[in-house]
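So this block is target-v8.tsv, TSV, N, CA and C atoms and all ligand atoms:
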chain	number	residue	atom	x	y	z
K	88	MET	N	-11.36	-1.74	-9.13
K	88	MET	CA	-12.12	-2.35	-8.03
K	88	MET	C	-11.26	-3.37	-7.29
K	89	VAL	N	-10.62	-4.24	-8.08
K	89	VAL	CA	-9.75	-5.26	-7.48
K	89	VAL	C	-8.59	-4.60	-6.75
K	90	ASN	N	-8.02	-3.55	-7.37
K	90	ASN	CA	-6.88	-2.86	-6.77
K	90	ASN	C	-7.25	-2.28	-5.41
K	91	ILE	N	-8.43	-1.69	-5.32
K	91	ILE	CA	-8.87	-1.11	-4.05
K	91	ILE	C	-8.99	-2.20	-3.00
K	92	ARG	N	-9.51	-3.34	-3.40
K	92	ARG	CA	-9.68	-4.44	-2.44
K	92	ARG	C	-8.30	-4.92	-1.94
K	93	VAL	N	-7.36	-5.05	-2.87
K	93	VAL	CA	-6.00	-5.47	-2.48
K	93	VAL	C	-5.39	-4.46	-1.52
K	94	LEU	N	-5.59	-3.18	-1.81
K	94	LEU	CA	-5.07	-2.12	-0.95
K	94	LEU	C	-5.65	-2.22	0.45
K	95	LYS	N	-6.96	-2.45	0.52
K	95	LYS	CA	-7.62	-2.56	1.83
K	95	LYS	C	-7.05	-3.72	2.63
K	96	ILE	N	-6.82	-4.85	1.96
K	96	ILE	CA	-6.26	-6.01	2.65
K	96	ILE	C	-4.85	-5.68	3.15
K	97	GLY	N	-4.10	-4.96	2.31
K	97	GLY	CA	-2.75	-4.54	2.71
K	97	GLY	C	-2.76	-3.70	3.96
K	98	VAL	N	-3.66	-2.74	4.01
K	98	VAL	CA	-3.77	-1.86	5.18
K	98	VAL	C	-4.16	-2.67	6.41
K	99	LEU	N	-5.10	-3.57	6.23
K	99	LEU	CA	-5.55	-4.42	7.35
K	99	LEU	C	-4.39	-5.26	7.87
K	100	LEU	N	-3.60	-5.84	6.95
K	100	LEU	CA	-2.44	-6.63	7.36
K	100	LEU	C	-1.45	-5.78	8.15
K	101	ALA	N	-1.23	-4.55	7.66
K	101	ALA	CA	-0.30	-3.66	8.36
K	101	ALA	C	-0.77	-3.41	9.78
K	102	ILE	N	-2.08	-3.18	9.94
K	102	ILE	CA	-2.63	-2.92	11.28
K	102	ILE	C	-2.45	-4.16	12.16
K	103	LEU	N	-2.73	-5.32	11.59
K	103	LEU	CA	-2.59	-6.56	12.36
K	103	LEU	C	-1.14	-6.77	12.79
K	104	LEU	N	-0.20	-6.52	11.86
K	104	LEU	CA	1.22	-6.69	12.18
K	104	LEU	C	1.64	-5.79	13.32
K	105	VAL	N	1.22	-4.53	13.27
K	105	VAL	CA	1.55	-3.59	14.34
K	105	VAL	C	0.98	-4.11	15.66
K	106	GLY	N	-0.23	-4.65	15.61
K	106	GLY	CA	-0.86	-5.20	16.81
K	106	GLY	C	-0.06	-6.34	17.40
K	107	VAL	N	0.51	-7.19	16.54
K	107	VAL	CA	1.27	-8.35	17.02
K	107	VAL	C	2.62	-7.89	17.58
K	108	VAL	N	3.26	-6.97	16.87
K	108	VAL	CA	4.58	-6.49	17.29
K	108	VAL	C	4.48	-5.72	18.60
K	109	GLY	N	3.39	-4.97	18.76
K	109	GLY	CA	3.13	-4.31	20.04
K	109	GLY	C	3.75	-2.94	20.13
K	110	CYS	N	4.17	-2.57	21.33
K	110	CYS	CA	4.53	-1.19	21.64
K	110	CYS	C	5.85	-0.78	21.00
K	111	GLY	N	5.91	0.45	20.51
K	111	GLY	CA	7.17	1.04	20.13
K	111	GLY	C	7.87	1.53	21.38
K	112	THR	N	9.19	1.57	21.37
K	112	THR	CA	9.92	1.93	22.58
K	112	THR	C	11.07	2.87	22.25
K	113	ASN	N	11.25	3.86	23.06
K	113	ASN	CA	12.38	4.77	22.93
K	113	ASN	C	13.10	4.87	24.26
K	114	GLU	N	14.39	5.22	24.19
K	114	GLU	CA	15.15	5.37	25.43
K	114	GLU	C	15.91	6.68	25.44
K	115	THR	N	16.07	7.26	26.60
K	115	THR	CA	16.88	8.45	26.74
K	115	THR	C	17.29	8.61	28.20
K	116	THR	N	18.14	9.59	28.45
K	116	THR	CA	18.52	9.91	29.82
K	116	THR	C	18.02	11.31	30.15
K	117	ALA	N	17.55	11.49	31.35
K	117	ALA	CA	16.92	12.75	31.73
K	117	ALA	C	17.91	13.89	31.82
K	118	THR	N	17.49	15.05	31.38
K	118	THR	CA	18.19	16.29	31.69
K	118	THR	C	17.20	17.13	32.47
K	119	SER	N	16.70	18.23	31.91
K	119	SER	CA	15.67	18.97	32.62
K	119	SER	C	14.28	18.65	32.08
K	120	THR	N	14.22	18.17	30.84
K	120	THR	CA	12.96	17.70	30.28
K	120	THR	C	13.23	16.38	29.56
K	121	VAL	N	12.38	15.40	29.82
K	121	VAL	CA	12.43	14.17	29.03
K	121	VAL	C	11.54	14.40	27.82
K	122	LYS	N	12.09	14.21	26.62
K	122	LYS	CA	11.31	14.36	25.38
K	122	LYS	C	11.48	13.10	24.57
K	123	LEU	N	10.39	12.41	24.33
K	123	LEU	CA	10.45	11.16	23.59
K	123	LEU	C	9.35	11.11	22.56
K	124	GLN	N	9.57	10.28	21.54
K	124	GLN	CA	8.53	10.07	20.54
K	124	GLN	C	8.35	8.58	20.31
K	125	SER	N	7.09	8.18	20.20
K	125	SER	CA	6.77	6.79	19.87
K	125	SER	C	5.82	6.80	18.69
K	126	ILE	N	5.97	5.83	17.79
K	126	ILE	CA	5.18	5.81	16.56
K	126	ILE	C	4.36	4.53	16.49
K	127	GLN	N	3.08	4.69	16.19
K	127	GLN	CA	2.19	3.55	15.95
K	127	GLN	C	1.42	3.83	14.67
K	128	GLU	N	1.59	2.97	13.68
K	128	GLU	CA	0.93	3.18	12.38
K	128	GLU	C	1.25	4.57	11.87
K	129	GLN	N	0.22	5.36	11.53
K	129	GLN	CA	0.50	6.71	10.99
K	129	GLN	C	0.63	7.76	12.09
K	130	TYR	N	0.50	7.36	13.35
K	130	TYR	CA	0.51	8.34	14.44
K	130	TYR	C	1.87	8.44	15.14
K	131	LYS	N	2.27	9.69	15.36
K	131	LYS	CA	3.46	9.96	16.17
K	131	LYS	C	2.98	10.58	17.47
K	132	ALA	N	3.43	10.06	18.60
K	132	ALA	CA	3.04	10.60	19.89
K	132	ALA	C	4.27	11.12	20.62
K	133	ASP	N	4.34	12.44	20.76
K	133	ASP	CA	5.43	13.08	21.50
K	133	ASP	C	5.05	13.17	22.96
K	134	PHE	N	6.00	12.84	23.82
K	134	PHE	CA	5.76	12.79	25.27
K	134	PHE	C	6.84	13.60	25.96
K	135	GLU	N	6.43	14.51	26.82
K	135	GLU	CA	7.38	15.34	27.56
K	135	GLU	C	7.10	15.27	29.04
K	136	VAL	N	8.17	15.12	29.82
K	136	VAL	CA	8.08	15.16	31.28
K	136	VAL	C	8.96	16.31	31.75
K	137	THR	N	8.37	17.24	32.50
K	137	THR	CA	9.11	18.41	33.01
K	137	THR	C	8.78	18.61	34.49
K	138	PRO	N	9.73	18.82	35.35
K	138	PRO	CA	11.17	18.99	35.12
K	138	PRO	C	11.97	17.69	35.15
K	139	ALA	N	11.30	16.57	35.03
K	139	ALA	CA	11.99	15.27	35.00
K	139	ALA	C	12.79	15.01	36.26
K	140	VAL	N	12.15	15.15	37.39
K	140	VAL	CA	12.76	14.88	38.69
K	140	VAL	C	11.81	13.96	39.48
K	141	PRO	N	12.34	13.28	40.50
K	141	PRO	CA	11.43	12.52	41.36
K	141	PRO	C	10.46	13.47	42.05
K	142	GLY	N	9.17	13.19	41.97
K	142	GLY	CA	8.16	14.07	42.57
K	142	GLY	C	7.15	14.53	41.54
K	143	VAL	N	6.66	15.75	41.72
K	143	VAL	CA	5.61	16.26	40.83
K	143	VAL	C	6.21	16.69	39.50
K	144	ASN	N	5.62	16.19	38.43
K	144	ASN	CA	6.03	16.56	37.08
K	144	ASN	C	4.80	16.93	36.26
K	145	THR	N	5.05	17.66	35.15
K	145	THR	CA	4.02	17.91	34.15
K	145	THR	C	4.26	16.99	32.97
K	146	TYR	N	3.19	16.38	32.48
K	146	TYR	CA	3.27	15.47	31.35
K	146	TYR	C	2.53	16.09	30.18
K	147	LYS	N	3.19	16.14	29.03
K	147	LYS	CA	2.56	16.70	27.83
K	147	LYS	C	2.61	15.67	26.72
K	148	VAL	N	1.50	15.53	26.05
K	148	VAL	CA	1.40	14.58	24.94
K	148	VAL	C	0.85	15.31	23.72
K	149	THR	N	1.55	15.15	22.59
K	149	THR	CA	1.08	15.71	21.32
K	149	THR	C	1.06	14.59	20.29
K	150	ILE	N	-0.09	14.34	19.71
K	150	ILE	CA	-0.21	13.28	18.71
K	150	ILE	C	-0.44	13.90	17.34
K	151	THR	N	0.37	13.49	16.38
K	151	THR	CA	0.19	13.97	15.01
K	151	THR	C	-0.06	12.79	14.09
K	152	ASP	N	-0.82	13.06	13.03
K	152	ASP	CA	-1.16	11.99	12.08
K	152	ASP	C	-0.17	11.99	10.91
K	153	GLY	N	-0.45	11.19	9.90
K	153	GLY	CA	0.44	11.03	8.77
K	153	GLY	C	0.65	12.30	7.96
K	154	LYS	N	-0.25	13.28	8.13
K	154	LYS	CA	-0.10	14.56	7.44
K	154	LYS	C	0.49	15.63	8.36
K	155	ASN	N	1.05	15.22	9.49
K	155	ASN	CA	1.65	16.14	10.47
K	155	ASN	C	0.63	17.09	11.09
K	156	GLN	N	-0.64	16.71	11.09
K	156	GLN	CA	-1.67	17.51	11.74
K	156	GLN	C	-1.90	16.95	13.14
K	157	ILE	N	-2.17	17.84	14.10
K	157	ILE	CA	-2.47	17.37	15.45
K	157	ILE	C	-3.77	16.59	15.45
K	158	SER	N	-3.73	15.41	16.03
K	158	SER	CA	-4.90	14.55	16.12
K	158	SER	C	-5.20	14.36	17.61
K	159	SER	N	-6.23	15.06	18.08
K	159	SER	CA	-6.46	15.05	19.53
K	159	SER	C	-6.99	13.70	20.01
K	160	GLY	N	-7.93	13.12	19.28
K	160	GLY	CA	-8.54	11.88	19.72
K	160	GLY	C	-9.53	12.11	20.85
K	161	LYS	N	-10.02	11.01	21.40
K	161	LYS	CA	-11.09	11.07	22.41
K	161	LYS	C	-10.60	10.97	23.83
K	162	GLU	N	-9.53	10.19	24.04
K	162	GLU	CA	-9.09	9.94	25.41
K	162	GLU	C	-7.60	9.63	25.44
K	163	ALA	N	-6.93	10.10	26.48
K	163	ALA	CA	-5.50	9.79	26.65
K	163	ALA	C	-5.23	9.52	28.13
K	164	VAL	N	-4.66	8.37	28.41
K	164	VAL	CA	-4.34	7.97	29.79
K	164	VAL	C	-2.90	7.50	29.83
K	165	LEU	N	-2.16	7.98	30.82
K	165	LEU	CA	-0.78	7.54	31.01
K	165	LEU	C	-0.70	6.57	32.18
K	166	THR	N	0.12	5.53	32.04
K	166	THR	CA	0.46	4.70	33.19
K	166	THR	C	1.97	4.78	33.39
K	167	PHE	N	2.38	4.67	34.65
K	167	PHE	CA	3.80	4.78	35.02
K	167	PHE	C	4.19	3.56	35.84
K	168	GLU	N	5.33	2.99	35.51
K	168	GLU	CA	5.82	1.88	36.33
K	168	GLU	C	7.33	1.79	36.22
K	169	MET	N	7.94	1.10	37.17
K	169	MET	CA	9.37	0.77	37.12
K	169	MET	C	9.44	-0.72	36.87
K	170	LEU	N	10.05	-1.11	35.75
K	170	LEU	CA	10.00	-2.51	35.35
K	170	LEU	C	10.81	-3.41	36.28
K	171	ASN	N	11.82	-2.85	36.95
K	171	ASN	CA	12.67	-3.67	37.81
K	171	ASN	C	12.28	-3.57	39.29
K	172	MET	N	11.10	-3.01	39.57
K	172	MET	CA	10.65	-2.89	40.95
K	172	MET	C	9.21	-3.34	41.05
K	173	LYS	N	8.75	-3.59	42.26
K	173	LYS	CA	7.42	-4.18	42.43
K	173	LYS	C	6.46	-3.27	43.17
K	174	HIS	N	6.54	-1.96	42.91
K	174	HIS	CA	5.55	-1.10	43.57
K	174	HIS	C	4.39	-0.74	42.65
K	175	GLY	N	4.21	-1.48	41.55
K	175	GLY	CA	2.99	-1.37	40.75
K	175	GLY	C	2.97	-0.22	39.78
K	176	LYS	N	1.76	0.00	39.24
K	176	LYS	CA	1.54	1.03	38.22
K	176	LYS	C	0.67	2.12	38.78
K	177	SER	N	0.95	3.36	38.38
K	177	SER	CA	-0.02	4.41	38.67
K	177	SER	C	-0.56	4.92	37.35
K	178	GLU	N	-1.69	5.59	37.42
K	178	GLU	CA	-2.41	5.98	36.21
K	178	GLU	C	-2.82	7.44	36.30
K	179	LYS	N	-2.77	8.12	35.16
K	179	LYS	CA	-3.20	9.52	35.12
K	179	LYS	C	-3.98	9.78	33.83
K	180	VAL	N	-5.21	10.27	33.98
K	180	VAL	CA	-6.01	10.67	32.83
K	180	VAL	C	-5.58	12.07	32.42
K	181	LEU	N	-5.27	12.26	31.16
K	181	LEU	CA	-4.81	13.55	30.67
K	181	LEU	C	-6.00	14.42	30.28
K	182	THR	N	-5.75	15.74	30.33
K	182	THR	CA	-6.78	16.72	29.98
K	182	THR	C	-6.50	17.26	28.58
K	183	LEU	N	-7.53	17.31	27.76
K	183	LEU	CA	-7.40	17.84	26.39
K	183	LEU	C	-7.38	19.36	26.43
K	184	LYS	N	-6.35	19.94	25.81
K	184	LYS	CA	-6.25	21.40	25.75
K	184	LYS	C	-6.84	21.91	24.43
K	185	LYS	N	-7.03	23.23	24.38
K	185	LYS	CA	-7.68	23.83	23.20
K	185	LYS	C	-6.90	23.59	21.92
K	186	ASP	N	-5.58	23.48	22.04
K	186	ASP	CA	-4.77	23.29	20.82
K	186	ASP	C	-4.71	21.83	20.38
K	187	GLY	N	-5.46	20.96	21.06
K	187	GLY	CA	-5.52	19.56	20.64
K	187	GLY	C	-4.46	18.67	21.27
K	188	THR	N	-3.62	19.26	22.15
K	188	THR	CA	-2.63	18.45	22.87
K	188	THR	C	-3.20	18.07	24.23
K	189	TRP	N	-2.49	17.18	24.93
K	189	TRP	CA	-2.95	16.66	26.22
K	189	TRP	C	-1.95	17.00	27.31
K	190	GLU	N	-2.46	17.21	28.51
K	190	GLU	CA	-1.57	17.59	29.60
K	190	GLU	C	-2.10	17.11	30.95
K	191	ALA	N	-1.19	16.84	31.86
K	191	ALA	CA	-1.55	16.50	33.24
K	191	ALA	C	-0.35	16.76	34.13
K	192	GLU	N	-0.60	16.72	35.43
K	192	GLU	CA	0.46	16.96	36.40
K	192	GLU	C	0.25	16.01	37.56
K	193	GLY	N	1.35	15.52	38.14
K	193	GLY	CA	1.17	14.67	39.31
K	193	GLY	C	2.48	14.03	39.77
K	194	PRO	N	2.43	13.42	40.96
K	194	PRO	CA	3.65	12.85	41.58
K	194	PRO	C	3.87	11.38	41.22
K	195	HIS	N	3.58	11.02	39.96
K	195	HIS	CA	3.61	9.59	39.59
K	195	HIS	C	5.02	9.02	39.53
K	196	ILE	N	5.99	9.89	39.22
K	196	ILE	CA	7.39	9.44	39.17
K	196	ILE	C	7.99	9.78	40.54
K	197	MET	N	7.84	8.86	41.49
K	197	MET	CA	8.13	9.22	42.88
K	197	MET	C	9.53	8.90	43.32
K	198	MET	N	10.34	8.29	42.45
K	198	MET	CA	11.72	8.00	42.84
K	198	MET	C	12.61	7.99	41.60
K	199	PRO	N	13.93	8.17	41.80
K	199	PRO	CA	14.84	8.10	40.65
K	199	PRO	C	14.97	6.66	40.16
K	200	GLY	N	15.41	6.51	38.92
K	200	GLY	CA	15.61	5.18	38.36
K	200	GLY	C	15.03	5.06	36.97
K	201	SER	N	14.85	3.80	36.54
K	201	SER	CA	14.37	3.50	35.19
K	201	SER	C	12.86	3.40	35.18
K	202	TRP	N	12.23	4.24	34.41
K	202	TRP	CA	10.77	4.30	34.34
K	202	TRP	C	10.26	3.91	32.97
K	203	GLN	N	9.04	3.38	32.97
K	203	GLN	CA	8.34	3.18	31.71
K	203	GLN	C	6.96	3.82	31.82
K	204	ALA	N	6.66	4.68	30.86
K	204	ALA	CA	5.32	5.26	30.77
K	204	ALA	C	4.66	4.71	29.52
K	205	SER	N	3.37	4.38	29.65
K	205	SER	CA	2.60	3.94	28.50
K	205	SER	C	1.44	4.89	28.29
K	206	LEU	N	1.29	5.34	27.06
K	206	LEU	CA	0.18	6.22	26.69
K	206	LEU	C	-0.89	5.38	26.01
K	207	HIS	N	-2.07	5.36	26.64
K	207	HIS	CA	-3.21	4.65	26.07
K	207	HIS	C	-4.11	5.70	25.44
K	208	TRP	N	-4.08	5.75	24.13
K	208	TRP	CA	-4.76	6.83	23.41
K	208	TRP	C	-5.86	6.25	22.52
K	209	THR	N	-7.04	6.87	22.58
K	209	THR	CA	-8.15	6.44	21.75
K	209	THR	C	-8.42	7.49	20.69
K	210	GLU	N	-8.34	7.10	19.44
K	210	GLU	CA	-8.58	8.06	18.36
K	210	GLU	C	-10.07	8.33	18.21
K	211	ASN	N	-10.41	9.31	17.38
K	211	ASN	CA	-11.81	9.75	17.25
K	211	ASN	C	-12.74	8.62	16.82
K	212	GLU	N	-12.23	7.73	15.97
K	212	GLU	CA	-13.05	6.62	15.48
K	212	GLU	C	-13.15	5.50	16.50
K	213	GLY	N	-12.46	5.65	17.63
K	213	GLY	CA	-12.60	4.68	18.71
K	213	GLY	C	-11.49	3.66	18.80
K	214	GLN	N	-10.58	3.63	17.81
K	214	GLN	CA	-9.50	2.65	17.86
K	214	GLN	C	-8.46	3.05	18.91
K	215	ALA	N	-8.00	2.09	19.69
K	215	ALA	CA	-7.05	2.37	20.77
K	215	ALA	C	-5.62	2.08	20.31
K	216	HIS	N	-4.69	2.89	20.79
K	216	HIS	CA	-3.27	2.71	20.49
K	216	HIS	C	-2.49	2.84	21.79
K	217	VAL	N	-1.43	2.06	21.92
K	217	VAL	CA	-0.56	2.17	23.09
K	217	VAL	C	0.84	2.57	22.63
K	218	PHE	N	1.32	3.65	23.18
K	218	PHE	CA	2.67	4.14	22.90
K	218	PHE	C	3.49	3.97	24.18
K	219	THR	N	4.71	3.47	24.05
K	219	THR	CA	5.50	3.18	25.24
K	219	THR	C	6.81	3.97	25.23
K	220	TYR	N	7.19	4.46	26.41
K	220	TYR	CA	8.39	5.29	26.55
K	220	TYR	C	9.20	4.80	27.74
K	221	ASN	N	10.51	4.66	27.53
K	221	ASN	CA	11.41	4.30	28.62
K	221	ASN	C	12.38	5.44	28.86
K	222	PHE	N	12.59	5.76	30.12
K	222	PHE	CA	13.47	6.89	30.43
K	222	PHE	C	14.04	6.76	31.84
K	223	GLU	N	15.11	7.51	32.05
K	223	GLU	CA	15.77	7.53	33.36
K	223	GLU	C	15.45	8.83	34.08
K	224	ILE	N	15.18	8.72	35.36
K	224	ILE	CA	15.01	9.90	36.20
K	224	ILE	C	16.13	9.92	37.23
K	225	GLU	N	16.87	11.01	37.25
K	225	GLU	CA	18.00	11.12	38.17
K	225	GLU	C	17.60	11.86	39.43
K	226	ASN	N	18.38	11.65	40.47
K	226	ASN	CA	18.08	12.27	41.76
K	226	ASN	C	18.30	13.77	41.73
K	301	CU	CU	10.85	2.23	42.20
In C-alpha cells, write the structure found in this file.
Ligand SMILES: [Cu+2]
Amino acid sequence: MVNIRVLKIGVLLAILLVGVVGCGTNETTATSTVKLQSIQEQYKADFEVTPAVPGVNTYKVTITDGKNQISSGKEAVLTFEMLNMKHGKSEKVLTLKKDGTWEAEGPHIMMPGSWQASLHWTENEGQAHVFTYNFEIEN
C-alpha cells in the first residue's frame, strides 16, 4: 500500500517536472520532407511537413504511447510562427484519420526561413500536451 502511494507521488512529480521544463525541441534542415519527433512524458509525437517548401504543405502528426501504440487523443492543433519575425502565429486544427493519425493542409509556412511549429494535443483523458518543433524551410 505504501509502495503504491510512493509510486503515485513519483509519477506526479515527473509530470510536474515536465510541466516546469516545458516544450521539447528538435532541429533539422529541410529536404523534401521535414520529419521531426518531440517527446512529452510517455508520448512521442512525430511531425511531418511535405513538401517542406514556402506555400501549401501537408502536415502529418502521429502520436504513440509508451507501448508504441498509436494514441489518437481528442484534439490536435498546430501553430506556426517565425521566432525572429513579427508576423504572428497561424493556427490549423488537424483532422483525425481512421488509422488514428492526424493530418491537415494549408499555406501556413508562407516564406523561407526558421520556423517553429507547436502541436497542442489533448489526450483522451483530457490532459493537454505541447510538442514543439524547429525547422528550416528553404526557397
Ligand atoms: Cu517570416
Nearby residues, ligand CU 301 (chain K), 6 Å, all atoms listed in the file, as number ranges by chain: K: 169, 172, 198
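A straight line drawn from atom CA of Gln124 of chain K to atom CA of Gly193 of chain K is 20.7 Å long.
If you measure from each of K:Val148, K:Ile224, K:Leu181, K:Ala204 to Glu162 of chain K using all atoms listed in the file, the closest one turns out to be K:Leu181.
Excluding segment 165-167 of chain K and any residue on its chain fewer than 4 positions from it, the residues at most 6 Å away by all atoms listed in the file are Gly175, Lys176, Ser177, Glu178, Lys179, Val180, Leu181, Gln203, Ala204, Ser205, Leu206 and His207 of chain K.
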Coordinates-based distance that separates atom CA of Tyr130 of chain K from atom C of Ile150 of chain K (Å, one decimal): 6.3 Å
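With atom CA of Tyr220 of chain K on one side and atom CA of Gln129 of chain K on the other, the separation reads 17.5 Å.
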Residue neighbourhood Lys147 of chain K, 5 Å, all atoms listed in the file, exclusion window fewer than 6 positions, as number ranges by chain: K: 134-135, 189-190
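The closest residue to Trp208 of chain K, picked from K:Lys161, K:Lys154, K:Lys185, K:Lys122 and counting only C-alpha atoms, is K:Lys161.
You can rank K:Glu210, K:Val164, K:Val136, K:Asp186 by their closest distance to Asp152 of chain K using only C-alpha atoms, and at the top of that list sits K:Glu210.
In this comparison, which uses all atoms listed in the file, the residue of K:Pro138, K:Phe222, K:Glu168, K:Lys131 approaching Thr151 of chain K most closely is K:Lys131.
Nearest residue to Trp202 of chain K, choosing from K:Asn221, K:Gln214, K:Thr188, K:Gln127 and counting all atoms listed in the file: K:Asn221.
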